[in-house]
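**Student:** Sharing final.txt below, compact mmCIF, N, CA and C atoms and all ligand atoms:
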```
# COMPACT_ATOMS: atom_id res chain seq x y z
N MET A 1 0.84 -1.20 0.00
CA MET A 1 0.00 0.00 0.00
C MET A 1 0.88 1.26 0.00
N LYS A 2 0.45 2.25 -0.77
CA LYS A 2 1.26 3.46 -0.90
C LYS A 2 1.33 4.22 0.44
N GLY A 3 2.57 4.63 0.80
CA GLY A 3 2.74 5.42 2.02
C GLY A 3 2.67 4.61 3.29
N ARG A 4 2.53 3.30 3.17
CA ARG A 4 2.39 2.46 4.36
C ARG A 4 3.67 1.69 4.71
N ASN A 5 4.66 1.78 3.84
CA ASN A 5 5.89 1.03 4.08
C ASN A 5 6.64 1.63 5.28
N PRO A 6 6.72 0.88 6.39
CA PRO A 6 7.35 1.45 7.58
C PRO A 6 8.85 1.68 7.40
N PHE A 7 9.42 1.07 6.36
CA PHE A 7 10.86 1.21 6.15
C PHE A 7 11.19 2.19 5.03
N SER A 8 10.19 2.97 4.59
CA SER A 8 10.47 3.89 3.48
C SER A 8 11.42 4.98 3.94
N PHE A 9 12.27 5.40 3.00
CA PHE A 9 13.29 6.39 3.33
C PHE A 9 12.66 7.72 3.72
N GLU A 10 11.58 8.12 2.97
CA GLU A 10 10.92 9.40 3.26
C GLU A 10 10.35 9.41 4.68
N ARG A 11 9.77 8.26 5.04
CA ARG A 11 9.17 8.15 6.38
C ARG A 11 10.24 8.29 7.47
N LEU A 12 11.35 7.64 7.22
CA LEU A 12 12.48 7.70 8.16
C LEU A 12 13.00 9.13 8.27
N LEU A 13 13.12 9.78 7.11
CA LEU A 13 13.62 11.15 7.06
C LEU A 13 12.68 12.10 7.79
N ARG A 14 11.36 11.87 7.60
CA ARG A 14 10.36 12.72 8.25
C ARG A 14 10.46 12.57 9.78
N SER A 15 10.57 11.32 10.24
CA SER A 15 10.69 11.09 11.69
C SER A 15 11.94 11.76 12.24
N PHE A 16 13.02 11.66 11.48
CA PHE A 16 14.28 12.27 11.90
C PHE A 16 14.12 13.79 11.98
N THR A 17 13.41 14.36 11.00
CA THR A 17 13.18 15.81 10.99
C THR A 17 12.38 16.24 12.22
N TYR A 18 11.36 15.47 12.57
CA TYR A 18 10.56 15.80 13.76
C TYR A 18 11.42 15.73 15.02
N ALA A 19 12.31 14.71 15.08
CA ALA A 19 13.17 14.57 16.25
C ALA A 19 14.12 15.77 16.36
N ILE A 20 14.65 16.20 15.22
CA ILE A 20 15.54 17.38 15.21
C ILE A 20 14.76 18.62 15.65
N GLN A 21 13.50 18.72 15.20
CA GLN A 21 12.66 19.86 15.60
C GLN A 21 12.47 19.87 17.12
N GLY A 22 12.25 18.69 17.69
CA GLY A 22 12.08 18.58 19.15
C GLY A 22 13.34 18.99 19.87
N PHE A 23 14.47 18.49 19.37
CA PHE A 23 15.75 18.83 19.98
C PHE A 23 15.98 20.34 19.91
N TRP A 24 15.71 20.93 18.74
CA TRP A 24 15.95 22.36 18.53
C TRP A 24 15.02 23.21 19.39
N TYR A 25 13.78 22.73 19.53
CA TYR A 25 12.82 23.44 20.39
C TYR A 25 13.36 23.50 21.82
N ALA A 26 13.91 22.37 22.29
CA ALA A 26 14.46 22.33 23.66
C ALA A 26 15.67 23.25 23.77
N VAL A 27 16.53 23.26 22.75
CA VAL A 27 17.72 24.13 22.77
C VAL A 27 17.28 25.59 22.91
N LYS A 28 16.20 25.95 22.21
CA LYS A 28 15.79 27.36 22.18
C LYS A 28 14.98 27.77 23.40
N THR A 29 14.20 26.82 23.97
CA THR A 29 13.21 27.26 24.97
C THR A 29 13.36 26.65 26.37
N GLU A 30 14.01 25.49 26.48
CA GLU A 30 14.01 24.80 27.78
C GLU A 30 15.26 25.17 28.58
N LYS A 31 15.04 25.92 29.67
CA LYS A 31 16.15 26.44 30.48
C LYS A 31 17.04 25.31 31.02
N ASN A 32 16.41 24.27 31.58
CA ASN A 32 17.19 23.17 32.15
C ASN A 32 18.01 22.44 31.10
N PHE A 33 17.43 22.30 29.91
CA PHE A 33 18.15 21.63 28.83
C PHE A 33 19.36 22.47 28.42
N GLN A 34 19.18 23.80 28.39
CA GLN A 34 20.30 24.68 28.04
C GLN A 34 21.42 24.55 29.07
N ILE A 35 21.02 24.45 30.35
CA ILE A 35 22.04 24.30 31.41
C ILE A 35 22.80 22.99 31.21
N HIS A 36 22.07 21.90 30.90
CA HIS A 36 22.73 20.61 30.69
C HIS A 36 23.65 20.64 29.47
N LEU A 37 23.23 21.38 28.44
CA LEU A 37 24.08 21.49 27.24
C LEU A 37 25.39 22.20 27.58
N ILE A 38 25.29 23.29 28.35
CA ILE A 38 26.50 24.03 28.73
C ILE A 38 27.39 23.14 29.59
N ALA A 39 26.77 22.42 30.55
CA ALA A 39 27.54 21.50 31.39
C ALA A 39 28.24 20.45 30.53
N ALA A 40 27.54 19.96 29.51
CA ALA A 40 28.12 18.95 28.63
C ALA A 40 29.35 19.51 27.90
N LEU A 41 29.24 20.76 27.47
CA LEU A 41 30.38 21.38 26.77
C LEU A 41 31.57 21.56 27.71
N VAL A 42 31.27 22.01 28.94
CA VAL A 42 32.34 22.23 29.93
C VAL A 42 33.03 20.90 30.26
N VAL A 43 32.22 19.84 30.50
CA VAL A 43 32.78 18.53 30.84
C VAL A 43 33.61 17.99 29.66
N SER A 44 33.10 18.19 28.44
CA SER A 44 33.85 17.70 27.27
C SER A 44 35.19 18.44 27.16
N ALA A 45 35.17 19.75 27.39
CA ALA A 45 36.42 20.52 27.35
C ALA A 45 37.40 20.00 28.40
N CYS A 46 36.88 19.70 29.61
CA CYS A 46 37.74 19.14 30.67
C CYS A 46 38.26 17.78 30.24
N GLY A 47 37.41 17.01 29.58
CA GLY A 47 37.83 15.68 29.11
C GLY A 47 39.02 15.77 28.17
N PHE A 48 38.97 16.75 27.25
CA PHE A 48 40.10 16.92 26.33
C PHE A 48 41.32 17.45 27.08
N ALA A 49 41.08 18.40 28.01
CA ALA A 49 42.20 18.99 28.76
C ALA A 49 42.93 17.92 29.58
N PHE A 50 42.16 17.00 30.17
CA PHE A 50 42.78 15.97 31.02
C PHE A 50 43.11 14.69 30.24
N LYS A 51 42.94 14.76 28.92
CA LYS A 51 43.27 13.62 28.06
C LYS A 51 42.70 12.30 28.59
N LEU A 52 41.38 12.23 28.69
CA LEU A 52 40.72 11.02 29.19
C LEU A 52 41.01 9.84 28.27
N ASN A 53 41.05 8.65 28.86
CA ASN A 53 41.23 7.46 28.01
C ASN A 53 39.87 7.01 27.45
N LYS A 54 39.89 5.94 26.64
CA LYS A 54 38.67 5.54 25.92
C LYS A 54 37.53 5.15 26.89
N VAL A 55 37.88 4.40 27.94
CA VAL A 55 36.84 3.95 28.88
C VAL A 55 36.25 5.15 29.62
N GLU A 56 37.10 6.09 30.01
CA GLU A 56 36.61 7.28 30.71
C GLU A 56 35.68 8.08 29.80
N TRP A 57 36.06 8.21 28.52
CA TRP A 57 35.19 8.92 27.57
C TRP A 57 33.85 8.20 27.42
N LEU A 58 33.88 6.87 27.41
CA LEU A 58 32.62 6.12 27.27
C LEU A 58 31.66 6.46 28.41
N PHE A 59 32.20 6.49 29.63
CA PHE A 59 31.35 6.83 30.79
C PHE A 59 30.85 8.27 30.69
N ILE A 60 31.74 9.17 30.30
CA ILE A 60 31.34 10.59 30.20
C ILE A 60 30.27 10.76 29.12
N LEU A 61 30.45 10.07 28.00
CA LEU A 61 29.45 10.19 26.92
C LEU A 61 28.10 9.62 27.34
N LEU A 62 28.14 8.49 28.09
CA LEU A 62 26.88 7.93 28.59
C LEU A 62 26.20 8.92 29.53
N CYS A 63 26.99 9.57 30.36
CA CYS A 63 26.42 10.57 31.28
C CYS A 63 25.81 11.73 30.50
N ILE A 64 26.57 12.27 29.56
CA ILE A 64 26.12 13.45 28.82
C ILE A 64 24.86 13.15 28.01
N PHE A 65 24.92 12.11 27.18
CA PHE A 65 23.78 11.85 26.29
C PHE A 65 22.58 11.29 27.06
N GLY A 66 22.85 10.51 28.11
CA GLY A 66 21.75 10.01 28.95
C GLY A 66 21.02 11.16 29.63
N MET A 67 21.83 12.12 30.15
CA MET A 67 21.26 13.28 30.84
C MET A 67 20.41 14.11 29.89
N LEU A 68 20.94 14.37 28.69
CA LEU A 68 20.21 15.19 27.72
C LEU A 68 18.92 14.48 27.29
N SER A 69 19.00 13.17 27.06
CA SER A 69 17.80 12.42 26.66
C SER A 69 16.74 12.47 27.74
N LEU A 70 17.17 12.25 28.99
CA LEU A 70 16.20 12.26 30.10
C LEU A 70 15.56 13.63 30.26
N GLU A 71 16.36 14.67 30.06
CA GLU A 71 15.83 16.03 30.19
C GLU A 71 14.77 16.28 29.10
N LEU A 72 15.02 15.76 27.91
CA LEU A 72 14.02 15.90 26.83
C LEU A 72 12.73 15.16 27.19
N LEU A 73 12.89 13.94 27.74
CA LEU A 73 11.70 13.17 28.15
C LEU A 73 10.94 13.88 29.27
N ASN A 74 11.69 14.46 30.20
CA ASN A 74 11.06 15.19 31.30
C ASN A 74 10.23 16.36 30.76
N SER A 75 10.80 17.09 29.80
CA SER A 75 10.07 18.21 29.21
C SER A 75 8.83 17.70 28.47
N ALA A 76 8.97 16.56 27.79
CA ALA A 76 7.82 16.00 27.07
C ALA A 76 6.71 15.63 28.05
N ILE A 77 7.08 15.07 29.18
CA ILE A 77 6.06 14.69 30.19
C ILE A 77 5.40 15.95 30.76
N GLU A 78 6.20 16.99 31.04
CA GLU A 78 5.64 18.25 31.55
C GLU A 78 4.62 18.82 30.56
N LYS A 79 4.99 18.81 29.28
CA LYS A 79 4.08 19.35 28.25
C LYS A 79 2.80 18.52 28.17
N THR A 80 2.96 17.20 28.25
CA THR A 80 1.79 16.32 28.15
C THR A 80 0.84 16.58 29.32
N VAL A 81 1.41 16.71 30.51
CA VAL A 81 0.58 16.98 31.69
C VAL A 81 -0.14 18.31 31.52
N ASP A 82 0.59 19.33 31.05
CA ASP A 82 -0.03 20.65 30.85
C ASP A 82 -1.13 20.59 29.79
N LEU A 83 -0.94 19.70 28.82
CA LEU A 83 -1.95 19.55 27.76
C LEU A 83 -3.23 18.93 28.33
N VAL A 84 -3.03 17.99 29.26
CA VAL A 84 -4.17 17.26 29.82
C VAL A 84 -4.97 18.15 30.77
N THR A 85 -4.25 18.95 31.57
CA THR A 85 -4.97 19.81 32.52
C THR A 85 -4.19 21.07 32.83
N ASP A 86 -4.94 22.18 33.02
CA ASP A 86 -4.27 23.38 33.53
C ASP A 86 -4.76 23.67 34.95
N GLU A 87 -5.47 22.65 35.52
CA GLU A 87 -5.91 22.78 36.92
C GLU A 87 -4.87 22.16 37.83
N ILE A 88 -4.91 22.56 39.10
CA ILE A 88 -4.02 21.94 40.10
C ILE A 88 -4.61 20.59 40.48
N ARG A 89 -3.88 19.52 40.14
CA ARG A 89 -4.38 18.17 40.43
C ARG A 89 -3.25 17.31 40.96
N PRO A 90 -3.55 16.50 41.99
CA PRO A 90 -2.51 15.66 42.60
C PRO A 90 -1.80 14.76 41.59
N LEU A 91 -2.55 14.18 40.65
CA LEU A 91 -1.93 13.28 39.67
C LEU A 91 -0.97 14.02 38.74
N ALA A 92 -1.34 15.28 38.42
CA ALA A 92 -0.46 16.09 37.57
C ALA A 92 0.84 16.35 38.31
N LYS A 93 0.73 16.67 39.58
CA LYS A 93 1.94 16.91 40.39
C LYS A 93 2.79 15.65 40.47
N GLN A 94 2.13 14.50 40.72
CA GLN A 94 2.89 13.24 40.82
C GLN A 94 3.62 12.94 39.51
N ALA A 95 2.92 13.12 38.39
CA ALA A 95 3.54 12.82 37.09
C ALA A 95 4.76 13.70 36.87
N LYS A 96 4.62 15.00 37.11
CA LYS A 96 5.74 15.91 36.89
C LYS A 96 6.88 15.65 37.87
N ASP A 97 6.52 15.40 39.13
CA ASP A 97 7.57 15.19 40.14
C ASP A 97 8.29 13.86 39.92
N LEU A 98 7.57 12.85 39.46
CA LEU A 98 8.23 11.56 39.15
C LEU A 98 9.22 11.73 38.01
N ALA A 99 8.80 12.48 36.98
CA ALA A 99 9.70 12.71 35.84
C ALA A 99 10.93 13.49 36.30
N ALA A 100 10.70 14.49 37.14
CA ALA A 100 11.82 15.27 37.67
C ALA A 100 12.72 14.38 38.53
N GLY A 101 12.09 13.44 39.26
CA GLY A 101 12.86 12.50 40.10
C GLY A 101 13.78 11.64 39.25
N ALA A 102 13.29 11.23 38.08
CA ALA A 102 14.12 10.40 37.19
C ALA A 102 15.36 11.18 36.75
N VAL A 103 15.17 12.45 36.45
CA VAL A 103 16.30 13.30 36.05
C VAL A 103 17.28 13.43 37.22
N LEU A 104 16.73 13.62 38.42
CA LEU A 104 17.58 13.79 39.60
C LEU A 104 18.44 12.54 39.86
N VAL A 105 17.80 11.36 39.76
CA VAL A 105 18.53 10.10 40.01
C VAL A 105 19.71 9.98 39.04
N TYR A 106 19.43 10.26 37.77
CA TYR A 106 20.50 10.13 36.77
C TYR A 106 21.58 11.21 37.00
N ALA A 107 21.13 12.41 37.40
CA ALA A 107 22.08 13.50 37.63
C ALA A 107 23.04 13.14 38.77
N VAL A 108 22.51 12.49 39.82
CA VAL A 108 23.37 12.09 40.95
C VAL A 108 24.44 11.13 40.43
N MET A 109 24.01 10.17 39.58
CA MET A 109 24.98 9.22 39.04
C MET A 109 26.05 9.93 38.21
N THR A 110 25.64 10.91 37.40
CA THR A 110 26.63 11.59 36.55
C THR A 110 27.62 12.38 37.41
N VAL A 111 27.14 12.96 38.50
CA VAL A 111 28.05 13.71 39.38
C VAL A 111 29.06 12.75 40.00
N VAL A 112 28.57 11.59 40.47
CA VAL A 112 29.47 10.61 41.09
C VAL A 112 30.52 10.14 40.07
N ILE A 113 30.07 9.83 38.86
CA ILE A 113 31.02 9.38 37.82
C ILE A 113 32.01 10.49 37.49
N GLY A 114 31.50 11.69 37.37
CA GLY A 114 32.39 12.83 37.08
C GLY A 114 33.45 13.00 38.15
N LEU A 115 33.03 12.91 39.41
CA LEU A 115 34.00 13.06 40.51
C LEU A 115 35.02 11.92 40.48
N LEU A 116 34.54 10.68 40.26
CA LEU A 116 35.46 9.52 40.24
C LEU A 116 36.50 9.66 39.12
N ILE A 117 36.09 10.26 38.01
CA ILE A 117 37.03 10.38 36.88
C ILE A 117 37.96 11.58 37.06
N PHE A 118 37.39 12.73 37.45
CA PHE A 118 38.19 13.95 37.42
C PHE A 118 38.98 14.22 38.69
N ILE A 119 38.45 13.80 39.86
CA ILE A 119 39.16 14.15 41.11
C ILE A 119 40.59 13.58 41.15
N PRO A 120 40.81 12.31 40.80
CA PRO A 120 42.19 11.81 40.82
C PRO A 120 43.11 12.61 39.89
N LYS A 121 42.57 13.05 38.75
CA LYS A 121 43.39 13.81 37.80
C LYS A 121 43.70 15.20 38.35
N ILE A 122 42.75 15.79 39.04
CA ILE A 122 42.98 17.12 39.63
C ILE A 122 44.00 16.99 40.77
N MET A 123 43.90 15.90 41.54
CA MET A 123 44.86 15.65 42.65
C MET A 123 46.28 15.58 42.12
N VAL A 124 46.44 14.88 41.00
CA VAL A 124 47.79 14.74 40.40
C VAL A 124 48.33 16.12 40.03
N LEU A 125 47.44 16.96 39.49
CA LEU A 125 47.85 18.32 39.10
C LEU A 125 48.28 19.14 40.29
N LEU A 126 47.59 18.95 41.41
CA LEU A 126 47.83 19.77 42.62
C LEU A 126 49.07 19.31 43.40
N ARG A 127 49.55 18.10 43.08
CA ARG A 127 50.71 17.58 43.84
C ARG A 127 51.96 18.38 43.58
N1 LIG A 201 -1.32 20.93 37.14
C1 LIG A 201 -0.63 20.77 38.26
N2 LIG A 201 -1.21 20.29 39.36
C2 LIG A 201 -0.54 20.11 40.51
N3 LIG A 201 0.78 20.39 40.67
C3 LIG A 201 1.44 20.86 39.59
C4 LIG A 201 0.78 21.09 38.34
N4 LIG A 201 1.68 21.58 37.46
C5 LIG A 201 2.84 21.64 38.13
N5 LIG A 201 2.72 21.23 39.40
C6 LIG A 201 3.75 21.11 40.44
O1 LIG A 201 4.21 22.41 40.76
C7 LIG A 201 5.61 22.39 40.95
C8 LIG A 201 6.28 23.29 39.92
O2 LIG A 201 5.85 22.88 38.63
P1 LIG A 201 6.37 23.50 37.27
O3 LIG A 201 5.68 22.82 36.14
O4 LIG A 201 6.33 24.97 37.34
O5 LIG A 201 7.78 22.91 37.34
P2 LIG A 201 9.17 23.60 37.30
O6 LIG A 201 10.07 22.72 38.09
O7 LIG A 201 9.04 25.03 37.66
O8 LIG A 201 9.44 23.35 35.76
P3 LIG A 201 9.98 24.27 34.61
O9 LIG A 201 10.50 25.56 35.21
O10 LIG A 201 11.01 23.42 34.00
O11 LIG A 201 8.78 24.45 33.71
C9 LIG A 201 6.04 20.91 40.78
O12 LIG A 201 6.07 20.26 42.03
C10 LIG A 201 4.93 20.34 39.93
O13 LIG A 201 4.75 18.97 40.12
```
In structure tokens, what does this structure look like?
**Tutor:**
Amino acid sequence: MKGRNPFSFERLLRSFTYAIQGFWYAVKTEKNFQIHLIAALVVSACGFAFKLNKVEWLFILLCIFGMLSLELLNSAIEKTVDLVTDEIRPLAKQAKDLAAGAVLVYAVMTVVIGLLIFIPKIMVLLR
């Protein structure tokens, strides 16, 4: 059937375009996402400055891209909740706070990984 092929190149390209639009919307409008992007750039610069090895880069990349992805999902959940209701409702609060909790849990992990990787290198510099 015409237009129904799930593997068509146009369909794939269209989905990719929508994803880029979502990413760009977050870059332009979402304050927390902008903060995470700046943090990602700073951490990457530190990674190059401290000449991280391949395994350290893998962990840093997982932290950076995982954090950015979760932040996008969190924003999507916030928008969905706002779409469903503009009234104060306990379920709306729970949904938003749970999504924010997911970001927090991952953020704690990224901070711990960042400290484990960078603190020994900073100590060597300070010796
Ligand atoms: N419709 C709602 N009903 C009940 N509580 C809500 C509702 N919308 C938001 N809240 C709660 O109010 C608090 C602030 O929500 P808000 O959406 O302003 O989040 P925020 O952290 O300021 O997010 P951002 O600044 O990223 O938009 C959160 O605890 C959230 O769960």
**Student:** As a quick test: using all atoms listed in the file, which residues lie no more than 7 Å away from ligand LIG 201 (chain A)? Give them as a list of chain:residue names.
**Tutor:**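 The residues near ligand LIG 201 (chain A) are A:Lys31, A:Asn32, A:Glu78, A:Val81, A:Asp82, A:Thr85, A:Asp86, A:Glu87, A:Ile88, A:Arg89, A:Pro90, A:Leu91, A:Ala92, A:Lys93, A:Gln94, A:Ala95, A:Lys96, A:Asp97, A:Leu98.
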**Student:** Atom CA of Cys63 of chain A and atom N of Ser75 of chain A are how many Å apart?
**Tutor:**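 Interatomic distance here is 17.0 Å.
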**Student:** Just to confirm, what's the straight-line distance from atom CA of Ala99 of chain A to atom CA of Ile35 of chain A in Å (one decimal)?
**Tutor:**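 According to the coordinates, atom CA of Ala99 of chain A and atom CA of Ile35 of chain A are separated by 17.5 Å.
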**Student:** Would you work out the distance separating atom CA of Leu83 of chain A from atom C of Ala102 of chain A, expressed in Å to one decimal?
**Tutor:**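 Distance reported for this atom pair: 21.2 Å.
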**Student:** Using all atoms listed in the file, determine which residues lie at most 6 Å from Asn74 of chain A, disregarding the query and same-chain residues fewer than 5 positions distant; provide the list as a PyMOL selection string.
**Tutor:** chain A and resi 69+79+99-100
**Student:** Calculated over only C-alpha atoms, which of the candidates A:Val27, A:Ile20, A:Ile119, A:Ala39 has the smallest distance to Ala107 of chain A?
**Tutor:**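 Result for the nearest residue to Ala107 of chain A: A:Ala39.
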**Student:** Give the answer as one residue: which of A:Leu72, A:Val43, A:Ile38, A:Leu61 has the shortest atom-to-atom distance to Gly22 of chain A, using all atoms listed in the file?
**Tutor:**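 When distances to Gly22 of chain A are compared using all atoms listed in the file, the smallest one comes from A:Leu72.
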**Student:** Considering only C-alpha atoms, state which residue in the set A:Ile122, A:Gly66, A:Ala76, A:Val55 is at the smallest distance from Val105 of chain A.
**Tutor:** A:Gly66
**Student:** In terms of the shortest atom-to-atom distance over only C-alpha atoms, which of A:Leu126, A:Leu115, A:Ile64, A:Val84 is closest to Leu41 of chain A?
**Tutor:**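 So, comparing all the options, the nearest one is A:Ile64.
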